[in-house]
file input02.txt (compact mmCIF, C-alpha atoms)
# COMPACT_ATOMS: atom_id res chain seq x y z
CA MET Y 1 -55.82 50.84 -67.09
CA ASN Y 2 -53.69 50.73 -63.93
CA LYS Y 3 -51.57 53.70 -63.20
CA SER Y 4 -48.72 53.41 -60.70
CA ILE Y 5 -47.87 56.39 -58.64
CA GLY Y 6 -44.39 56.69 -57.11
CA LYS Y 7 -44.74 58.55 -53.90
CA LYS Y 8 -42.16 59.53 -51.33
CA LEU Y 9 -43.13 57.97 -48.06
CA SER Y 10 -42.03 60.44 -45.46
CA SER Y 11 -44.10 58.78 -42.81
CA LEU Y 12 -42.46 55.47 -43.63
CA VAL Y 13 -39.38 56.79 -41.89
CA LEU Y 14 -39.83 55.12 -38.59
CA THR Y 15 -40.15 57.99 -36.17
CA LEU Y 16 -41.22 55.58 -33.55
CA MET Y 17 -38.11 53.54 -32.87
CA VAL Y 18 -39.13 51.17 -30.18
CA MET Y 19 -36.68 49.77 -27.75
CA MET Y 20 -38.08 46.76 -26.01
CA SER Y 21 -35.67 46.83 -23.13
CA ALA Y 22 -36.60 45.01 -19.97
CA VAL Y 23 -35.00 46.00 -16.69
CA LEU Y 24 -32.44 43.31 -16.01
CA PHE Y 25 -30.58 45.29 -13.37
CA TYR Y 26 -31.94 47.87 -10.97
CA ALA Y 27 -30.63 51.39 -11.41
CA GLN Y 28 -28.71 50.87 -8.18
CA PRO Y 29 -27.84 47.57 -6.52
CA VAL Y 30 -30.65 46.55 -4.22
CA LEU Y 31 -29.67 44.80 -1.02
CA ALA Y 32 -32.38 42.24 -0.51
CA GLY Y 33 -32.99 39.20 1.60
CA THR Y 34 -31.29 40.65 4.68
CA ILE Y 35 -31.41 38.38 7.73
CA ALA Y 36 -30.73 39.86 11.17
CA GLU Y 37 -32.78 37.98 13.77
CA ALA Y 38 -33.22 34.24 13.30
CA ASP Y 39 -35.14 31.49 15.05
CA PHE Y 40 -33.05 28.43 15.93
CA TYR Y 41 -35.99 26.67 17.55
CA LYS Y 42 -39.67 27.47 17.86
CA SER Y 43 -42.49 25.32 19.20
CA LYS Y 44 -44.91 24.37 16.46
CA GLN Y 45 -47.69 24.11 19.04
CA GLU Y 46 -48.20 24.21 22.80
CA GLU Y 47 -46.14 21.64 24.69
CA HIS Y 48 -47.31 19.89 27.85
CA ALA Y 49 -44.72 19.34 30.57
CA VAL Y 50 -45.22 16.94 33.46
CA SER Y 51 -44.03 18.11 36.88
CA GLY Y 52 -40.49 16.94 37.61
CA THR Y 53 -39.95 15.43 34.12
CA GLU Y 54 -37.38 17.06 31.86
CA SER Y 55 -38.63 18.11 28.41
CA LYS Y 56 -35.89 18.50 25.79
CA PHE Y 57 -35.52 20.07 22.35
CA ALA Y 58 -32.48 20.49 20.12
CA PHE Y 59 -31.20 23.44 18.11
CA THR Y 60 -28.15 24.33 16.01
CA LEU Y 61 -26.19 27.57 15.89
CA PRO Y 62 -24.45 28.21 12.54
CA VAL Y 63 -22.22 30.91 14.06
CA ALA Y 64 -21.18 32.05 17.51
CA THR Y 65 -23.76 34.45 18.86
CA GLU Y 66 -25.87 35.43 21.86
CA VAL Y 67 -29.15 33.55 21.92
CA SER Y 68 -32.31 34.04 23.93
CA LEU Y 69 -34.70 31.45 25.30
CA CYS Y 70 -38.25 32.80 25.53
CA LEU Y 71 -40.75 30.64 27.42
CA THR Y 72 -44.44 31.40 27.27
CA THR Y 73 -46.46 29.53 29.89
CA ASN Y 74 -50.03 29.29 31.12
CA GLN Y 75 -48.91 29.89 34.71
CA THR Y 76 -45.91 30.91 36.75
CA SER Y 77 -43.95 27.88 37.83
CA MET Y 78 -40.50 27.08 39.13
CA VAL Y 79 -38.45 25.78 36.23
CA SER Y 80 -34.95 24.40 35.83
CA ILE Y 81 -33.34 25.34 32.51
CA ALA Y 82 -30.43 23.13 31.45
CA LEU Y 83 -28.24 23.51 28.37
CA TYR Y 84 -26.35 20.52 26.93
CA ASP Y 85 -23.68 20.36 24.23
CA SER Y 86 -23.52 17.87 21.34
CA THR Y 87 -22.05 15.18 23.63
CA GLY Y 88 -24.90 15.49 26.13
CA ALA Y 89 -22.76 17.20 28.75
CA LEU Y 90 -23.88 20.36 30.50
CA VAL Y 91 -22.41 23.46 28.91
CA SER Y 92 -20.08 25.18 31.36
CA GLY Y 93 -21.36 28.53 32.53
CA GLU Y 94 -22.16 30.67 35.52
CA GLU Y 95 -25.34 28.81 36.32
CA ASN Y 96 -26.30 25.67 34.41
CA PRO Y 97 -28.92 24.50 35.10
CA LYS Y 98 -30.55 27.87 35.72
CA GLN Y 99 -33.24 27.91 38.41
CA ALA Y 100 -35.95 30.41 37.45
CA ALA Y 101 -38.32 31.64 40.14
CA PHE Y 102 -41.89 32.97 40.05
CA GLY Y 103 -40.76 36.60 40.21
CA GLU Y 104 -38.81 36.35 36.97
CA TYR Y 105 -41.95 35.84 34.88
CA GLN Y 106 -43.53 38.76 33.04
CA PRO Y 107 -47.28 38.91 32.31
CA ALA Y 108 -48.25 38.68 28.62
CA GLU Y 109 -51.21 40.40 26.95
CA ASP Y 110 -53.07 37.14 26.37
CA GLY Y 111 -53.14 36.27 30.08
CA ARG Y 112 -50.10 34.03 29.88
CA TYR Y 113 -46.59 34.61 31.22
CA THR Y 114 -43.17 34.93 29.61
CA LEU Y 115 -39.70 34.14 30.86
CA THR Y 116 -36.50 35.07 28.99
CA TYR Y 117 -33.00 33.72 29.53
CA LYS Y 118 -29.82 34.36 27.50
CA TRP Y 119 -26.60 32.51 26.64
CA SER Y 120 -23.49 33.48 24.68
CA LEU Y 121 -22.62 30.36 22.71
CA SER Y 122 -20.23 29.07 20.08
CA ALA Y 123 -21.42 27.55 16.84
CA GLY Y 124 -22.59 23.99 17.28
CA ASP Y 125 -25.41 21.62 18.26
CA TYR Y 126 -27.20 22.06 21.57
CA THR Y 127 -30.09 20.64 23.55
CA CYS Y 128 -32.22 22.61 26.01
CA GLY Y 129 -33.89 20.81 28.89
CA LEU Y 130 -36.84 22.23 30.87
CA THR Y 131 -38.02 20.78 34.19
CA PHE Y 132 -41.10 22.49 35.65
CA GLY Y 133 -42.15 22.31 39.29
CA GLN Y 134 -45.74 21.55 38.28
CA ASP Y 135 -47.65 20.41 35.21
CA THR Y 136 -47.33 23.28 32.73
CA THR Y 137 -48.38 24.15 29.20
CA TYR Y 138 -45.65 26.12 27.43
CA GLU Y 139 -44.18 27.30 24.13
CA ALA Y 140 -40.43 27.75 23.62
CA ARG Y 141 -38.42 29.84 21.23
CA ILE Y 142 -34.65 30.06 20.80
CA TYR Y 143 -33.56 33.06 18.73
CA GLY Y 144 -30.60 35.34 18.18
CA ASN Y 145 -28.98 37.86 15.90
CA LEU Y 146 -26.84 36.70 13.02
CA PRO Y 147 -24.53 38.82 10.86
CA GLU Y 148 -26.61 40.57 8.22
CA VAL Y 149 -26.40 39.07 4.75
CA SER Y 150 -27.90 40.22 1.49
CA ILE Y 151 -28.28 39.15 -2.12
CA ASN Y 152 -28.01 41.85 -4.78
CA LYS Y 153 -31.29 40.89 -6.51
CA ILE Y 154 -34.38 39.06 -5.32
CA LYS Y 155 -35.88 39.17 -8.84
CA ALA Y 156 -34.24 39.18 -12.26
CA VAL Y 157 -35.42 38.97 -15.87
CA ILE Y 158 -32.98 37.66 -18.46
CA THR Y 159 -33.09 36.54 -22.07
CA SER Y 160 -32.58 32.94 -23.13
CA GLY Y 161 -28.92 32.50 -23.97
CA TYR Y 162 -27.84 35.45 -21.85
CA SER Y 163 -26.68 35.84 -18.26
CA THR Y 164 -26.82 37.93 -15.13
CA LYS Y 165 -24.61 37.88 -12.04
CA LEU Y 166 -25.84 37.31 -8.50
CA SER Y 167 -23.75 38.05 -5.44
CA VAL Y 168 -24.08 37.86 -1.67
CA SER Y 169 -22.54 40.19 0.89
CA GLY Y 170 -22.00 39.51 4.58
CA GLU Y 171 -21.19 35.79 4.33
CA LYS Y 172 -19.47 33.32 2.03
CA VAL Y 173 -21.60 31.28 -0.34
CA LYS Y 174 -21.18 27.53 0.03
CA SER Y 175 -23.17 26.66 -3.08
CA TRP Y 176 -25.44 28.07 -5.79
CA THR Y 177 -28.30 25.96 -7.13
CA SER Y 178 -31.17 26.35 -9.59
CA LYS Y 179 -34.50 24.72 -8.84
CA ASN Y 180 -35.17 24.30 -12.56
CA LYS Y 181 -31.98 23.83 -14.57
CA SER Y 182 -33.90 23.49 -17.82
CA VAL Y 183 -34.95 27.15 -17.46
CA ALA Y 184 -31.71 28.62 -16.06
CA THR Y 185 -28.43 27.35 -14.66
CA VAL Y 186 -26.07 28.95 -12.17
CA ASP Y 187 -22.33 28.39 -11.77
CA LYS Y 188 -20.11 28.50 -8.68
CA GLN Y 189 -19.63 32.26 -9.06
CA GLY Y 190 -23.37 33.04 -9.14
CA LYS Y 191 -23.54 33.58 -12.91
CA VAL Y 192 -27.09 32.75 -14.03
CA THR Y 193 -27.64 31.76 -17.67
CA GLY Y 194 -31.07 31.51 -19.29
CA LYS Y 195 -31.82 28.26 -21.15
CA LYS Y 196 -35.46 28.59 -22.17
CA ALA Y 197 -38.49 30.71 -21.38
CA GLY Y 198 -39.88 30.08 -17.92
CA LYS Y 199 -39.28 30.81 -14.26
CA THR Y 200 -36.98 29.32 -11.65
CA THR Y 201 -35.55 30.08 -8.23
CA ILE Y 202 -31.83 30.46 -7.66
CA VAL Y 203 -30.74 29.50 -4.14
CA ALA Y 204 -27.55 30.68 -2.45
CA THR Y 205 -26.68 28.39 0.46
CA LEU Y 206 -24.30 30.16 2.83
CA GLN Y 207 -21.47 28.74 4.89
CA ASP Y 208 -23.59 29.24 8.02
CA LYS Y 209 -26.42 27.20 6.37
CA ARG Y 210 -28.71 30.17 5.77
CA LYS Y 211 -30.27 30.49 2.34
CA LEU Y 212 -31.05 33.47 0.12
CA THR Y 213 -33.09 33.27 -3.07
CA CYS Y 214 -33.63 35.12 -6.33
CA THR Y 215 -36.60 34.51 -8.61
CA VAL Y 216 -35.37 34.45 -12.22
CA THR Y 217 -37.69 34.84 -15.21
CA VAL Y 218 -36.28 33.83 -18.59
CA ARG Y 219 -37.78 35.35 -21.74
CA LYS Y 220 -37.43 34.26 -25.37
CA ASN Y 221 -34.73 36.00 -27.38
CA GLU Y 222 -37.07 38.00 -29.54
CA TYR Y 223 -37.91 41.62 -30.21
CA THR Y 224 -41.48 42.65 -29.50
CA GLY Y 225 -42.47 46.13 -30.58
CA ILE Y 226 -45.64 48.06 -31.28
CA LYS Y 227 -47.69 46.50 -34.06
CA GLY Y 228 -49.91 49.55 -34.31
CA GLU Y 229 -53.54 50.07 -35.21
CA LEU Y 230 -54.91 51.73 -38.32
CA ASP Y 231 -56.81 54.32 -36.32
CA GLN Y 232 -53.47 55.48 -34.88
CA VAL Y 233 -52.16 56.43 -38.34
CA GLU Y 234 -52.62 59.89 -39.81
CA SER Y 235 -55.06 59.95 -42.74
CA GLY Y 236 -53.27 59.86 -46.10
CA SER Y 237 -50.23 58.07 -44.64
CA VAL Y 238 -48.62 54.65 -44.97
CA VAL Y 239 -46.57 53.49 -42.00
CA SER Y 240 -44.36 50.42 -41.61
CA LEU Y 241 -43.77 49.15 -38.07
CA PRO Y 242 -41.27 46.36 -37.33
CA TYR Y 243 -42.97 44.66 -34.40
CA LYS Y 244 -41.38 41.22 -34.16
CA ALA Y 245 -37.85 39.88 -34.68
CA TYR Y 246 -36.28 36.53 -33.85
CA PHE Y 247 -33.56 34.13 -34.93
CA ASP Y 248 -34.86 31.06 -36.72
CA SER Y 249 -33.43 27.55 -36.32
CA GLU Y 250 -30.81 28.25 -39.01
CA GLY Y 251 -29.58 31.46 -37.42
CA ASN Y 252 -31.31 33.81 -39.86
CA LEU Y 253 -32.82 36.97 -38.40
CA GLN Y 254 -36.53 37.12 -39.22
CA ILE Y 255 -38.32 40.48 -38.99
CA LYS Y 256 -42.06 40.99 -39.20
CA VAL Y 257 -43.26 44.41 -40.36
CA ASN Y 258 -46.85 45.63 -40.16
CA ILE Y 259 -47.80 47.83 -43.11
CA LEU Y 260 -50.59 50.25 -42.17
CA ASN Y 261 -52.16 51.88 -45.25
CA LYS Y 262 -54.36 54.83 -44.25
CA THR Y 263 -54.94 56.04 -47.83
CA ASP Y 264 -57.61 55.54 -50.47
CA LYS Y 265 -55.09 53.72 -52.72
CA ARG Y 266 -53.72 50.17 -52.82
CA VAL Y 267 -50.03 49.89 -51.89
CA ILE Y 268 -48.47 47.57 -54.46
CA ALA Y 269 -44.77 47.78 -53.58
CA LEU Y 270 -42.23 48.93 -51.04
CA THR Y 271 -39.14 50.54 -52.55
CA ASP Y 272 -35.71 51.64 -51.32
CA LEU Y 273 -36.49 49.95 -48.02
CA LYS Y 274 -33.86 49.77 -45.28
CA ILE Y 275 -34.40 47.96 -41.96
CA THR Y 276 -31.62 48.36 -39.39
CA VAL Y 277 -31.32 46.29 -36.23
CA THR Y 278 -29.03 47.60 -33.47
CA ASP Y 279 -28.23 46.18 -30.04
CA GLN Y 280 -28.40 47.89 -26.65
CA ASN Y 281 -24.94 49.35 -27.26
CA HIS Y 282 -26.14 50.90 -30.53
CA LYS Y 283 -23.98 48.52 -32.59
CA THR Y 284 -25.41 47.18 -35.81
CA VAL Y 285 -26.66 43.60 -35.66
CA GLY Y 286 -27.87 43.43 -39.24
CA ILE Y 287 -29.28 45.48 -42.11
CA CYS Y 288 -31.94 44.47 -44.61
CA LYS Y 289 -31.96 46.46 -47.86
CA VAL Y 290 -34.71 45.95 -50.43
CA ASP Y 291 -34.83 47.84 -53.75
CA LYS Y 292 -38.39 46.73 -54.40
CA ARG Y 293 -40.73 44.34 -52.64
CA LYS Y 294 -44.12 43.66 -54.18
CA VAL Y 295 -46.99 43.76 -51.70
CA SER Y 296 -50.72 44.19 -51.86
CA VAL Y 297 -52.20 46.32 -49.10
CA PRO Y 298 -55.72 47.51 -49.92
CA ALA Y 299 -56.81 51.03 -49.05
CA ASN Y 300 -57.43 51.58 -45.34
CA SER Y 301 -56.11 48.20 -44.30
CA THR Y 302 -53.01 46.50 -42.88
CA LYS Y 303 -50.74 43.65 -43.90
CA VAL Y 304 -47.85 41.84 -42.21
CA VAL Y 305 -44.74 41.31 -44.35
CA ARG Y 306 -41.72 39.28 -43.29
CA PHE Y 307 -38.12 40.15 -44.13
CA THR Y 308 -35.03 38.02 -43.61
CA ILE Y 309 -31.45 38.93 -42.78
CA ARG Y 310 -29.40 35.88 -43.64
CA LYS Y 311 -27.13 34.38 -40.99
CA SER Y 312 -24.10 35.29 -43.10
CA ALA Y 313 -25.17 38.96 -42.96
CA VAL Y 314 -25.81 39.02 -39.21
CA ARG Y 315 -22.81 40.86 -37.79
CA ARG Y 316 -23.11 39.82 -34.13
CA SER Y 317 -25.31 37.91 -31.74
CA ALA Y 318 -27.77 40.09 -29.87
CA ASP Y 319 -30.24 40.17 -27.06
CA LEU Y 320 -33.19 41.08 -29.24
CA ARG Y 321 -35.34 41.95 -26.22
CA LYS Y 322 -33.11 45.00 -25.82
CA ALA Y 323 -32.70 45.86 -29.50
CA ASP Y 324 -33.79 48.81 -31.65
CA ILE Y 325 -35.25 48.30 -35.13
CA GLY Y 326 -35.47 51.23 -37.54
CA CYS Y 327 -37.30 51.22 -40.86
CA LYS Y 328 -37.37 53.76 -43.69
CA GLY Y 329 -38.17 53.80 -47.39
CA ASN Y 330 -40.75 54.59 -50.08
CA TYR Y 331 -43.85 52.91 -51.49
CA GLN Y 332 -45.77 52.61 -54.72
CA ALA Y 333 -49.55 52.73 -54.89
CA THR Y 334 -52.28 52.49 -57.44
CA ILE Y 335 -55.55 54.34 -57.59
CA TYR Y 336 -57.36 51.15 -58.55
call {"tool": "encode", "arguments": {"input": "input02.txt", "output": "structure tokens"}}
result
Amino acid sequence: MNKSIGKKLSSLVLTLMVMMSAVLFYAQPVLAGTIAEADFYKSKQEEHAVSGTESKFAFTLPVATEVSLCLTTNQTSMVSIALYDSTGALVSGEENPKQAAFGEYQPAEDGRYTLTYKWSLSAGDYTCGLTFGQDTTYEARIYGNLPEVSINKIKAVITSGYSTKLSVSGEKVKSWTSKNKSVATVDKQGKVTGKKAGKTTIVATLQDKRKLTCTVTVRKNEYTGIKGELDQVESGSVVSLPYKAYFDSEGNLQIKVNILNKTDKRVIALTDLKITVTDQNHKTVGICKVDKRKVSVPANSTKVVRFTIRKSAVRRSADLRKADIGCKGNYQATIY
């Protein structure tokens, strides 16, 4: 004959309240993506100049700044350096074209030579012309310092349906774009909203044409806690661990609880059960109360049981990734 034993489940009080909170913001704002020195032109490979023939390359300055021309050559050679504006006219200056002599070259470690020349220029399009006195192999680089800019995050993790704010300091943002709008979108103010689980890159294009990026990872709106293992439970105890929670397609809050029975009896019911879901601000999202729920968990085994908080009983929407779920109650067991 079966004999039911009502037993107070002290260990069923969830002492391990797990908060699955992912770091969405750093503890302090992180200035990332700073740009100070920028290349406006750089040879992709060695160029070959013919004596007396002008070699040209174009570059654009997004802002007014001082720029440097660095020539690396295989030999010292007389060279005429001309700078043209967007109309093709020589830019007015102290010496344009500049005539560079042998003595202005500096030896480089690789056996080649370098020559550096500077201009202070306004924003705009330019062309540099080089005329060497003899056939020369060279590489050219135009570079300069731009005002430092930064984006407040280079990486962010958000929950589907929720948002984070990106911002840039040091320059105005011309546009914000998402490389995968199905994963996350971004508005004109840099507000990023998660659409579905995945990863995308948010690009801030600045007024001076520079770009800063933030890699955004979007996670599902679900709670993931510790499911637990039987060997982690004290002998003679029964423990209930809410380890998964999510909103179903109808807006009901589904909660999965793992019952770990580390006794020599079969658990046949959970009684006076109360499951409380709270958000990151410790406000109640929903409460599930059960006077008695029949279960069958054999001795020294586990079983997953699902509970539902109806949409009508859900008090507020919540980022479940950052929620707390508490569980307490009693159980009934049988010796057979």
call {"tool": "atom_distance", "arguments": {"input": "input02.txt", "atom1": "CA of Thr76 (chain Y)", "atom2": "CA of Asp135 (chain Y)"}}
result
10.8 Å
call {"tool": "residues_around", "arguments": {"input": "input02.txt", "residues": "Arg315 (chain Y)", "least_positions_apart": "2", "cutoff": "10 Å", "atoms": "all atoms listed in the file", "output": "PyMOL selection string"}}
result
chain Y and resi 283-287+311-313+317-318
call {"tool": "atom_distance", "arguments": {"input": "input02.txt", "atom1": "CA of Val239 (chain Y)", "atom2": "CA of Arg219 (chain Y)"}}
result
28.6 Å
call {"tool": "closest_residue", "arguments": {"input": "input02.txt", "among": "Y:Val149, Y:Val305, Y:Val183, Y:Leu230", "to": "Ala204 (chain Y)", "atoms": "all atoms listed in the file"}}
result
Y:Val149
call {"tool": "residues_around", "arguments": {"input": "input02.txt", "residues": "region 42-47 of chain Y", "least_positions_apart": "6", "cutoff": "7 Å", "atoms": "only C-alpha atoms", "output": "ChimeraX atom specification"}}
result
/Y:137-142
call {"tool": "closest_residue", "arguments": {"input": "input02.txt", "among": "Y:Ser178, Y:Gln332, Y:Ser122, Y:Ser169", "to": "Ser296 (chain Y)", "atoms": "only C-alpha atoms"}}
result
Y:Gln332
call {"tool": "residues_around", "arguments": {"input": "input02.txt", "residues": "Ala245 (chain Y)", "least_positions_apart": "5", "cutoff": "7 Å", "atoms": "only C-alpha atoms", "output": "VMD selection string"}}
result
chain Y and resid 222 to 224 253 to 256
call {"tool": "atom_distance", "arguments": {"input": "input02.txt", "atom1": "CA of Thr278 (chain Y)", "atom2": "CA of Pro242 (chain Y)"}}
result
12.9 Å
call {"tool": "residues_around", "arguments": {"input": "input02.txt", "residues": "region 266-268 of chain Y", "least_positions_apart": "6", "cutoff": "7 Å", "atoms": "all atoms listed in the file", "output": "PyMOL selection string"}}
result
chain Y and resi 294-299+331-336
call {"tool": "closest_residue", "arguments": {"input": "input02.txt", "among": "Y:Gly129, Y:Asn261, Y:Gly198, Y:Trp119", "to": "Gly228 (chain Y)", "atoms": "only C-alpha atoms"}}
result
Y:Asn261
call {"tool": "residues_around", "arguments": {"input": "input02.txt", "residues": "Val79 (chain Y)", "least_positions_apart": "5", "cutoff": "9 Å", "atoms": "all atoms listed in the file", "output": "PyMOL selection string"}}
result
chain Y and resi 98-102+130-134
